[in-house]
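See below for target33.csv, which holds CSV, C-alpha atoms.
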```csv
chain,number,residue,atom,x,y,z
A,1,MET,CA,0.0,0.0,0.0
A,2,SER,CA,1.4,3.3,-1.0
A,3,GLU,CA,-0.3,5.0,1.9
A,4,ILE,CA,2.3,3.6,4.3
A,5,LYS,CA,4.9,6.1,5.1
A,6,GLY,CA,8.1,5.9,7.0
A,7,ASP,CA,8.1,6.9,10.6
A,8,ALA,CA,9.7,10.3,10.0
A,9,GLU,CA,7.5,11.2,7.1
A,10,GLN,CA,4.4,10.1,9.0
A,11,GLN,CA,5.4,12.4,11.9
A,12,LYS,CA,5.8,15.3,9.5
A,13,THR,CA,2.3,14.9,8.1
A,14,LEU,CA,0.9,14.8,11.6
A,15,LYS,CA,0.2,18.5,12.2
A,16,VAL,CA,-1.2,18.4,15.6
A,17,THR,CA,-1.9,21.8,17.2
A,18,TRP,CA,-3.6,22.8,20.4
A,19,VAL,CA,-6.9,23.0,18.3
A,20,SER,CA,-6.5,19.2,17.6
A,21,TYR,CA,-6.1,18.4,21.3
A,22,ALA,CA,-9.0,20.8,22.2
A,23,ALA,CA,-11.2,19.1,19.6
A,24,LEU,CA,-10.3,15.6,20.9
A,25,LEU,CA,-11.0,16.7,24.5
A,26,PHE,CA,-14.4,18.2,23.5
A,27,ALA,CA,-15.3,15.0,21.6
A,28,ILE,CA,-14.5,12.9,24.7
A,29,ILE,CA,-16.6,15.1,27.0
A,30,PHE,CA,-19.5,15.5,24.5
A,31,PHE,CA,-19.9,11.8,23.8
A,32,SER,CA,-19.1,10.7,27.4
A,33,GLY,CA,-22.5,11.4,28.9
A,34,LEU,CA,-20.8,12.7,32.0
A,35,PHE,CA,-22.8,16.0,31.8
A,36,ALA,CA,-26.1,14.3,31.2
A,37,ALA,CA,-27.4,15.2,34.6
A,38,GLN,CA,-26.3,18.8,34.5
A,39,LYS,CA,-28.7,21.7,34.3
A,40,GLY,CA,-28.3,25.0,32.6
A,41,ALA,CA,-25.6,26.1,30.2
A,42,ILE,CA,-23.2,23.2,31.0
A,43,SER,CA,-25.7,20.7,29.7
A,44,ALA,CA,-24.9,22.0,26.2
A,45,LEU,CA,-21.8,19.7,26.6
A,46,ASP,CA,-23.9,16.6,26.6
A,47,PHE,CA,-24.8,14.6,23.5
A,48,ASN,CA,-28.3,13.7,24.6
A,49,THR,CA,-29.2,17.3,25.5
A,50,VAL,CA,-28.3,18.5,22.0
A,51,ALA,CA,-30.0,15.5,20.5
A,52,GLY,CA,-33.2,16.7,22.3
A,53,LYS,CA,-36.5,14.9,22.1
A,54,PHE,CA,-39.5,14.6,19.9
A,55,GLY,CA,-42.6,16.6,20.9
A,56,VAL,CA,-45.6,14.6,22.0
A,57,ILE,CA,-49.0,14.5,20.5
A,58,LYS,CA,-50.9,16.2,23.3
A,59,GLU,CA,-54.2,14.3,23.3
A,60,PHE,CA,-52.5,10.9,23.7
A,61,GLY,CA,-49.3,11.9,25.4
A,62,LYS,CA,-47.3,9.9,22.9
A,63,ASN,CA,-44.8,11.0,20.2
A,64,PHE,CA,-45.4,10.5,16.5
A,65,MET,CA,-44.7,6.8,16.6
A,66,GLY,CA,-47.8,6.2,18.7
A,67,SER,CA,-47.9,3.2,21.0
A,68,THR,CA,-49.2,-0.1,19.6
A,69,GLY,CA,-47.5,-0.4,16.2
A,70,THR,CA,-45.9,-3.6,15.1
A,71,GLY,CA,-43.8,-5.1,12.3
A,72,ALA,CA,-42.3,-3.2,9.3
A,73,ARG,CA,-44.5,-0.1,9.7
A,74,ALA,CA,-43.6,0.3,13.4
A,75,GLY,CA,-40.0,-0.5,12.6
A,76,PHE,CA,-39.9,2.2,9.9
A,77,LEU,CA,-41.2,4.9,12.2
A,78,PHE,CA,-38.8,3.8,15.0
A,79,ALA,CA,-35.9,3.8,12.5
A,80,LEU,CA,-36.8,7.3,11.3
A,81,SER,CA,-36.7,8.4,15.0
A,82,LEU,CA,-33.1,7.1,15.3
A,83,ILE,CA,-31.7,9.0,12.3
A,84,PRO,CA,-31.3,12.5,13.9
A,85,VAL,CA,-29.0,11.0,16.5
A,86,THR,CA,-26.8,9.4,13.9
A,87,MET,CA,-26.7,12.7,11.9
A,88,LEU,CA,-25.7,14.7,15.0
A,89,ALA,CA,-23.0,12.2,16.0
A,90,MET,CA,-21.5,12.0,12.6
A,91,GLY,CA,-21.6,15.8,12.2
A,92,VAL,CA,-19.6,16.3,15.4
A,93,VAL,CA,-17.2,13.4,14.5
A,94,GLU,CA,-16.5,15.1,11.1
A,95,ILE,CA,-15.6,18.4,12.9
A,96,ILE,CA,-13.3,16.6,15.3
A,97,ASP,CA,-11.7,14.7,12.5
A,98,GLN,CA,-11.1,17.7,10.3
A,99,LEU,CA,-9.8,19.8,13.2
A,100,GLY,CA,-7.2,17.1,13.7
A,101,GLY,CA,-8.7,15.5,16.9
A,102,LEU,CA,-8.1,12.0,15.6
A,103,ARG,CA,-4.5,12.8,14.7
A,104,ALA,CA,-4.1,14.1,18.2
A,105,ALA,CA,-5.4,10.8,19.5
A,106,GLN,CA,-2.9,9.0,17.2
A,107,LYS,CA,0.0,11.1,18.5
A,108,LEU,CA,-1.0,10.3,22.1
A,109,LEU,CA,-1.4,6.6,21.5
A,110,THR,CA,1.7,6.0,19.3
A,111,PRO,CA,4.2,5.8,22.2
A,112,LEU,CA,1.9,3.5,24.1
A,113,LEU,CA,1.6,0.9,21.3
A,114,ARG,CA,4.8,-0.9,22.4
A,115,PRO,CA,4.0,-1.2,26.1
A,116,LEU,CA,0.3,-1.9,25.5
A,117,MET,CA,0.4,-4.4,22.7
A,118,GLY,CA,4.0,-4.9,21.6
A,119,LEU,CA,3.5,-3.1,18.4
A,120,PRO,CA,5.8,-0.5,16.8
A,121,GLY,CA,4.8,3.2,16.9
A,122,ALA,CA,4.6,3.1,13.1
A,123,ALA,CA,1.3,1.1,13.5
A,124,GLY,CA,-0.3,4.2,15.0
A,125,LEU,CA,-1.9,5.4,11.7
A,126,ALA,CA,-3.3,2.0,11.0
A,127,LEU,CA,-4.6,1.8,14.5
A,128,ILE,CA,-6.5,5.1,14.4
A,129,THR,CA,-7.7,4.3,10.8
A,130,SER,CA,-9.0,0.9,11.9
A,131,MET,CA,-11.1,2.7,14.5
A,132,GLN,CA,-12.8,4.7,11.8
A,133,SER,CA,-12.9,2.1,9.0
A,134,SER,CA,-12.2,-1.6,9.6
A,135,ASP,CA,-11.5,-2.0,5.8
A,136,ALA,CA,-9.0,0.8,5.6
A,137,GLY,CA,-7.3,-0.3,8.8
A,138,ALA,CA,-6.9,-3.9,7.6
A,139,GLY,CA,-5.4,-2.6,4.3
A,140,LEU,CA,-2.9,-0.5,6.1
A,141,THR,CA,-2.0,-3.5,8.3
A,142,ARG,CA,-1.3,-5.6,5.2
A,143,GLY,CA,0.9,-2.8,4.0
A,144,LEU,CA,2.9,-2.7,7.3
A,145,LYS,CA,3.6,-6.4,7.0
A,146,ASP,CA,4.5,-6.2,3.3
A,147,ALA,CA,6.9,-3.4,4.2
A,148,ASP,CA,8.4,-5.5,7.0
A,149,ILE,CA,7.5,-2.8,9.6
A,150,ILE,CA,5.6,-5.5,11.6
A,151,ASN,CA,6.3,-9.2,11.7
A,152,GLU,CA,3.9,-12.1,11.3
A,153,LYS,CA,3.3,-12.3,15.1
A,154,GLU,CA,2.6,-8.6,15.3
A,155,ARG,CA,0.2,-8.8,12.4
A,156,ILE,CA,-1.9,-11.5,14.2
A,157,ILE,CA,-1.9,-9.5,17.5
A,158,PHE,CA,-2.8,-6.3,15.6
A,159,ALA,CA,-5.6,-8.2,13.7
A,160,GLN,CA,-7.0,-9.4,17.0
A,161,PHE,CA,-7.2,-5.7,18.2
A,162,GLN,CA,-9.1,-4.8,15.0
A,163,LEU,CA,-11.4,-7.8,14.9
A,164,SER,CA,-12.9,-7.1,18.3
A,165,GLY,CA,-15.1,-4.0,18.0
A,166,GLY,CA,-14.1,-3.3,14.4
A,167,GLY,CA,-14.5,0.3,13.1
A,168,LEU,CA,-15.2,1.2,16.7
A,169,ILE,CA,-15.6,5.0,16.6
A,170,THR,CA,-17.8,5.0,13.5
A,171,ASN,CA,-19.9,2.0,14.6
A,172,TYR,CA,-20.3,3.1,18.2
A,173,LEU,CA,-21.2,6.7,17.3
A,174,SER,CA,-23.4,5.9,14.3
A,175,SER,CA,-25.3,2.7,15.2
A,176,GLY,CA,-24.5,2.6,18.9
A,177,ALA,CA,-25.5,6.2,19.5
A,178,VAL,CA,-29.2,5.3,18.9
A,179,LEU,CA,-29.0,3.4,22.2
A,180,PHE,CA,-27.3,6.1,24.3
A,181,ALA,CA,-30.7,7.5,25.4
A,182,PHE,CA,-31.5,4.0,27.0
A,183,LEU,CA,-28.3,3.6,28.9
A,184,THR,CA,-28.2,3.6,32.7
A,185,VAL,CA,-24.5,4.7,32.8
A,186,PRO,CA,-22.6,7.5,31.0
A,187,SER,CA,-22.0,6.4,27.4
A,188,ILE,CA,-18.3,6.7,27.8
A,189,ILE,CA,-18.2,3.7,30.2
A,190,PRO,CA,-19.3,1.1,27.6
A,191,LEU,CA,-16.9,2.7,25.1
A,192,ALA,CA,-14.0,2.7,27.5
A,193,LEU,CA,-14.7,-1.0,28.3
A,194,ILE,CA,-14.8,-1.9,24.6
A,195,PHE,CA,-11.5,-0.2,24.0
A,196,ALA,CA,-9.9,-1.8,27.1
A,197,PHE,CA,-11.1,-5.3,25.9
A,198,LYS,CA,-9.7,-4.7,22.4
A,199,ILE,CA,-6.3,-4.3,24.0
A,200,ILE,CA,-6.9,-7.1,26.5
A,201,GLY,CA,-7.9,-9.4,23.6
A,202,ALA,CA,-4.8,-8.4,21.7
A,203,ASN,CA,-2.7,-9.4,24.7
A,204,ILE,CA,-4.5,-12.7,25.2
A,205,THR,CA,-3.5,-13.5,21.6
A,206,ARG,CA,0.0,-12.1,22.2
A,207,VAL,CA,0.5,-14.6,25.0
A,208,TYR,CA,-1.0,-17.4,23.0
A,209,ILE,CA,1.2,-16.7,19.9
A,210,ASN,CA,4.3,-16.4,22.0
A,211,LYS,CA,3.7,-19.6,23.9
A,212,VAL,CA,2.2,-21.9,21.2
A,213,GLU,CA,3.6,-20.5,17.9
A,214,LYS,CA,7.2,-19.8,18.9
A,215,ASP,CA,8.5,-20.5,15.4
A,216,LEU,CA,6.2,-18.1,13.6
B,217,MET,CA,-7.7,29.3,-3.6
B,218,GLU,CA,-10.4,27.0,-2.3
B,219,ARG,CA,-12.5,28.6,0.4
B,220,LYS,CA,-11.5,27.2,3.8
B,221,LYS,CA,-14.2,25.0,5.3
B,222,ASN,CA,-15.7,26.4,8.4
B,223,ILE,CA,-17.1,24.3,11.3
B,224,LEU,CA,-20.6,24.5,10.1
B,225,ASP,CA,-19.7,23.1,6.7
B,226,MET,CA,-17.8,20.3,8.5
B,227,PHE,CA,-20.9,19.5,10.5
B,228,VAL,CA,-23.2,19.4,7.5
B,229,GLU,CA,-20.7,17.1,5.7
B,230,GLY,CA,-20.7,14.7,8.6
B,231,ALA,CA,-24.5,14.9,9.1
B,232,ARG,CA,-24.9,14.0,5.4
B,233,LYS,CA,-22.8,10.9,6.1
B,234,GLY,CA,-25.0,10.2,9.1
B,235,TRP,CA,-28.1,10.5,6.9
B,236,ASN,CA,-26.6,8.0,4.5
B,237,ILE,CA,-25.8,5.6,7.3
B,238,GLY,CA,-29.3,6.1,8.6
B,239,ILE,CA,-31.1,5.4,5.3
B,240,THR,CA,-28.8,2.7,4.0
B,241,SER,CA,-28.1,0.9,7.3
B,242,ILE,CA,-30.2,1.8,10.2
B,243,VAL,CA,-33.7,1.9,8.5
B,244,PRO,CA,-33.2,-1.5,6.7
B,245,ASN,CA,-31.7,-3.1,9.8
B,246,VAL,CA,-34.4,-1.9,12.1
B,247,ILE,CA,-37.1,-3.0,9.7
B,248,MET,CA,-35.5,-6.4,9.3
B,249,ALA,CA,-35.4,-6.8,13.1
B,250,PHE,CA,-38.9,-5.6,13.7
B,251,CYS,CA,-40.2,-8.1,11.0
B,252,LEU,CA,-38.1,-10.9,12.3
B,253,ILE,CA,-39.1,-10.3,15.9
B,254,GLN,CA,-42.8,-9.9,14.9
B,255,LEU,CA,-42.6,-13.1,12.9
B,256,MET,CA,-41.0,-15.0,15.8
B,257,GLU,CA,-43.6,-13.6,18.2
B,258,VAL,CA,-46.7,-14.5,16.3
B,259,THR,CA,-45.4,-18.0,15.6
B,260,GLY,CA,-44.5,-18.5,19.3
B,261,VAL,CA,-40.9,-19.2,18.4
B,262,LEU,CA,-39.7,-16.1,20.3
B,263,GLY,CA,-41.4,-17.3,23.5
B,264,LEU,CA,-40.0,-20.8,23.2
B,265,PHE,CA,-36.6,-19.5,22.4
B,266,ALA,CA,-36.7,-17.2,25.4
B,267,ASN,CA,-37.8,-20.0,27.7
B,268,VAL,CA,-35.0,-22.3,26.5
B,269,PHE,CA,-32.3,-19.8,27.0
B,270,LYS,CA,-33.6,-18.1,30.1
B,271,PRO,CA,-31.3,-20.0,32.5
B,272,VAL,CA,-28.2,-19.2,30.4
B,273,MET,CA,-29.0,-15.5,29.9
B,274,ALA,CA,-29.9,-15.2,33.6
B,275,VAL,CA,-26.2,-15.5,34.3
B,276,PHE,CA,-25.7,-12.2,32.6
B,277,GLY,CA,-28.7,-10.6,34.2
B,278,LEU,CA,-30.6,-10.7,30.9
B,279,PRO,CA,-33.9,-12.3,29.7
B,280,GLY,CA,-33.8,-15.2,27.3
B,281,GLU,CA,-34.9,-12.9,24.4
B,282,ALA,CA,-31.7,-11.0,24.7
B,283,LEU,CA,-29.8,-13.9,23.1
B,284,MET,CA,-31.4,-12.8,19.9
B,285,VAL,CA,-29.3,-9.6,20.1
B,286,ASN,CA,-26.1,-11.5,20.6
B,287,LEU,CA,-26.9,-13.9,17.7
B,288,ALA,CA,-27.7,-10.9,15.4
B,289,ALA,CA,-24.5,-9.2,16.5
B,290,ILE,CA,-22.4,-12.1,15.1
B,291,MET,CA,-23.7,-11.2,11.7
B,292,SER,CA,-23.8,-7.4,12.0
B,293,MET,CA,-23.6,-4.8,14.6
B,294,GLY,CA,-26.3,-2.8,12.8
B,295,GLY,CA,-28.6,-5.8,12.9
B,296,ALA,CA,-28.0,-6.3,16.6
B,297,ILE,CA,-28.9,-2.6,17.3
B,298,GLY,CA,-32.1,-3.2,15.2
B,299,VAL,CA,-33.0,-6.3,17.3
B,300,THR,CA,-32.3,-4.4,20.5
B,301,VAL,CA,-34.5,-1.5,19.4
B,302,SER,CA,-37.4,-3.9,18.5
B,303,LEU,CA,-37.1,-5.7,21.8
B,304,ILE,CA,-37.2,-2.4,23.7
B,305,ASP,CA,-40.3,-1.5,21.7
B,306,LYS,CA,-41.9,-4.7,22.8
B,307,GLY,CA,-41.0,-4.0,26.4
B,308,MET,CA,-38.8,-7.1,26.6
B,309,LEU,CA,-35.6,-5.2,27.2
B,310,THR,CA,-35.2,-2.6,30.0
B,311,PRO,CA,-32.6,0.2,30.0
B,312,THR,CA,-30.5,-2.0,32.4
B,313,HIS,CA,-30.6,-4.9,29.8
B,314,VAL,CA,-29.6,-2.5,27.0
B,315,THR,CA,-26.7,-1.2,29.1
B,316,ILE,CA,-25.4,-4.8,29.7
B,317,LEU,CA,-25.7,-5.7,26.0
B,318,LEU,CA,-24.3,-2.6,24.3
B,319,PRO,CA,-20.5,-3.2,24.8
B,320,ALA,CA,-20.9,-6.9,24.1
B,321,ILE,CA,-22.6,-6.1,20.7
B,322,PHE,CA,-19.4,-4.4,19.6
B,323,ILE,CA,-16.8,-6.6,21.3
B,324,GLY,CA,-18.2,-9.9,20.0
B,325,GLY,CA,-20.0,-8.6,17.0
B,326,GLY,CA,-19.7,-8.3,13.2
B,327,TRP,CA,-17.1,-11.0,12.8
B,328,VAL,CA,-18.9,-13.0,10.1
B,329,GLN,CA,-18.3,-10.0,7.8
B,330,TYR,CA,-14.9,-9.1,9.4
B,331,LEU,CA,-13.4,-12.5,8.8
B,332,GLY,CA,-12.9,-11.5,5.2
B,333,ARG,CA,-12.9,-7.7,5.6
B,334,ILE,CA,-10.3,-7.5,8.4
B,335,LEU,CA,-8.5,-10.9,8.7
B,336,GLY,CA,-8.6,-11.6,4.9
B,337,THR,CA,-7.5,-8.1,3.9
B,338,ALA,CA,-4.8,-7.9,6.5
B,339,GLY,CA,-3.5,-11.3,5.3
B,340,VAL,CA,-3.8,-13.3,8.6
B,341,PRO,CA,-3.4,-17.0,7.9
B,342,THR,CA,-6.8,-18.8,8.1
B,343,ARG,CA,-5.6,-21.3,10.8
B,344,PHE,CA,-5.6,-18.4,13.3
B,345,TRP,CA,-9.1,-17.3,12.5
B,346,PRO,CA,-11.0,-19.6,15.0
B,347,TRP,CA,-8.7,-18.5,17.8
B,348,LEU,CA,-9.2,-14.8,17.0
B,349,VAL,CA,-13.0,-15.2,16.9
B,350,GLY,CA,-12.9,-17.2,20.1
B,351,VAL,CA,-11.2,-14.4,22.0
B,352,CYS,CA,-13.8,-11.9,20.8
B,353,LEU,CA,-16.7,-14.2,22.0
B,354,VAL,CA,-15.1,-14.9,25.4
B,355,ASN,CA,-14.4,-11.2,25.9
B,356,ALA,CA,-18.0,-10.4,25.0
B,357,MET,CA,-19.2,-12.7,27.8
B,358,VAL,CA,-16.8,-11.3,30.3
B,359,VAL,CA,-17.9,-7.8,29.4
B,360,MET,CA,-21.6,-8.7,30.0
B,361,LEU,CA,-20.7,-10.0,33.4
B,362,ILE,CA,-18.8,-6.7,34.2
B,363,MET,CA,-21.7,-4.6,32.9
B,364,ARG,CA,-24.2,-6.7,34.9
B,365,VAL,CA,-22.4,-5.2,38.0
B,366,ILE,CA,-22.1,-1.7,36.7
B,367,ALA,CA,-25.5,-1.3,34.9
```

Whole structure given in structure tokens:
Amino acid sequence: MSEIKGDAEQQKTLKVTWVSYAALLFAIIFFSGLFAAQKGAISALDFNTVAGKFGVIKEFGKNFMGSTGTGARAGFLFALSLIPVTMLAMGVVEIIDQLGGLRAAQKLLTPLLRPLMGLPGAAGLALITSMQSSDAGAGLTRGLKDADIINEKERIIFAQFQLSGGGLITNYLSSGAVLFAFLTVPSIIPLALIFAFKIIGANITRVYINKVEKDL
Amino acid sequence: MERKKNILDMFVEGARKGWNIGITSIVPNVIMAFCLIQLMEVTGVLGLFANVFKPVMAVFGLPGEALMVNLAAIMSMGGAIGVTVSLIDKGMLTPTHVTILLPAIFIGGGWVQYLGRILGTAGVPTRFWPWLVGVCLVNAMVVMLIMRVIA
């Protein structure tokens, strides 16, 4: 893959300014659900507050979906009611991405790759990419192996990280976001747990590969 | 020189992507799930299924019907979200159940597609595929146990 660049070149293209870090911090707070219970102006920092709610049809005290629908017709109305949340989430993610927030995350994660999963820092771009698009991340991983930047063991460990919770940021904030309103905990808790278990999974496989597949 | 994009333009660009995901993924997935669950309910299959798996799912603090979410997740995360939504609509899943299920959908989900799309593309030898999937499934179960305590 021609997208793979050397370490130095990759660092050069990583223009991470304070705006990028601010954007990343904002994204974490906004999607975390930590300000869900706040009242007044600070509640503007909460995803569900900005997502708002549908008005109710007064006479019945129900929103436009009504109450006893079933099957495809009920499903259609329910699905329509979920789309605004996805549009809001993807709109905010696009801002964060274009302001360099994800590059800031990549920069912060890069030095941690070796201690966390035994992967070289050069895998940082593929890691952040895999969180946005599972396909693009897998393509970059193939490129890293073909360029001998990672070895066969590292490829399998890295693939384990990507397979569990594939395309996490995009999937969690597009499909997953429709369930945020139903959660009993701040939405950052499930997300943090998923991310932690992606790393734990990679390490389980790391131990297995190193014990059972010594010759690989 | 091209006009520099402002934040509002960026939002609209992303919201457009969200609309496309909504129309091409969420609506079809939710309709699929509502029809499937409706079909299973009127035929009595859902009730039977729920009874059979009640003891297993009780370990995770979930009703038997919740296993439908986990099974759908294996095929696609969007499908699992659709099934979750339809079971909420039927009053079979409470917010606590949804909270337990959400992280498991992602950790153990989507791998039927991802075998080719991630492992195939990345060039992982096929003999490792069962192990890699196994780790995802075990982790999903562990996460449901953790969420049972937190939710």

>> as a VMD selection string, could you give me every residue of chain B near chain A (at most 7 Å apart, counting only C-alpha atoms)?
In response: chain B and resid 223 226 to 235 238 242 to 243 246 to 247 250 to 251 254 294 297 311 to 312 314 to 315 319 322 to 325 327 330 333 to 335 337 to 340 348 351 to 352 355 367

>> Quick one: residues within 12 Å of A:Trp18, all atoms listed in the file, excluding same-chain residues fewer than 4 positions away - as a list of chain:residue names?
In response: A:Ala22, A:Ala23, A:Leu24, A:Leu25, A:Leu99, A:Gly100, A:Gly101, A:Arg103, A:Ala104

> Could you state the separation of atom CA of B:Gly280 and atom CA of B:Asn245 in Å, given to one decimal place?
Replying inline: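 According to the coordinates, atom CA of B:Gly280 and atom CA of B:Asn245 are separated by 21.4 Å.
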
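Between atom CA of B:Leu331 and atom CA of B:Ala288 there is a distance of 15.8 Å.
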
> Quick one: residues within 9 Å of A:Leu125, all atoms listed in the file counted, chain neighbours fewer than 2 positions away excluded, as a list in words?
Replying inline: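 Those residues are Ile4, Gln10, Arg103, Gln106, Thr110, Gly121, Ala122, Ala123, Leu127, Ile128, Thr129, Ser130, Gly137 and Leu140 of chain A.
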
For the selection you just gave me, I'd like the residues written to a file as an mmCIF file, keeping the file's coordinate frame, keeping C-alpha atoms.
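Output below, filename result-v4.cif:
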```cif
data_model
loop_
_atom_site.group_PDB
_atom_site.id
_atom_site.type_symbol
_atom_site.label_atom_id
_atom_site.label_comp_id
_atom_site.auth_asym_id
_atom_site.auth_seq_id
_atom_site.Cartn_x
_atom_site.Cartn_y
_atom_site.Cartn_z
ATOM 1 C CA ILE A 4 2.300 3.600 4.300
ATOM 2 C CA GLN A 10 4.400 10.100 9.000
ATOM 3 C CA ARG A 103 -4.500 12.800 14.700
ATOM 4 C CA GLN A 106 -2.900 9.000 17.200
ATOM 5 C CA THR A 110 1.700 6.000 19.300
ATOM 6 C CA GLY A 121 4.800 3.200 16.900
ATOM 7 C CA ALA A 122 4.600 3.100 13.100
ATOM 8 C CA ALA A 123 1.300 1.100 13.500
ATOM 9 C CA LEU A 127 -4.600 1.800 14.500
ATOM 10 C CA ILE A 128 -6.500 5.100 14.400
ATOM 11 C CA THR A 129 -7.700 4.300 10.800
ATOM 12 C CA SER A 130 -9.000 0.900 11.900
ATOM 13 C CA GLY A 137 -7.300 -0.300 8.800
ATOM 14 C CA LEU A 140 -2.900 -0.500 6.100
#
```

> Quick one, how far is atom CA of A:Ile188 from atom CA of A:Leu109?
Replying inline: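 Separating atom CA of A:Ile188 from atom CA of A:Leu109 is a distance of 18.0 Å.
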
Edge lengths and centre, in Å to one decimal, as JSON: that's what I need for the box along x, y and z that holds all listed atoms of stretch 357-362 of chain B plus 8 Å on each side.
```
{"center_x": -19.2, "center_y": -9.7, "center_z": 31.0, "size_x": 20.8, "size_y": 22.0, "size_z": 22.4}
```

> For B:Ala289, which of B:Gly326, B:Pro346, B:Ile237, B:Gly260 is the closest residue, counting only C-alpha atoms?
Replying inline: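 Of all the options, B:Gly326 lies closest to B:Ala289.
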
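With all atoms listed in the file as the atoms that count, the residue of B:Ile290, B:Ser302, B:Phe276, B:Pro244 with the shortest distance to B:Leu353 is B:Ile290.
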
> Between B:Asp305, B:Thr300, B:Glu281, B:Val275, which has the minimum distance to B:Val261 (counting all atoms listed in the file)?
Replying inline: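 Using all atoms listed in the file, the shortest distance to B:Val261 belongs to B:Glu281.
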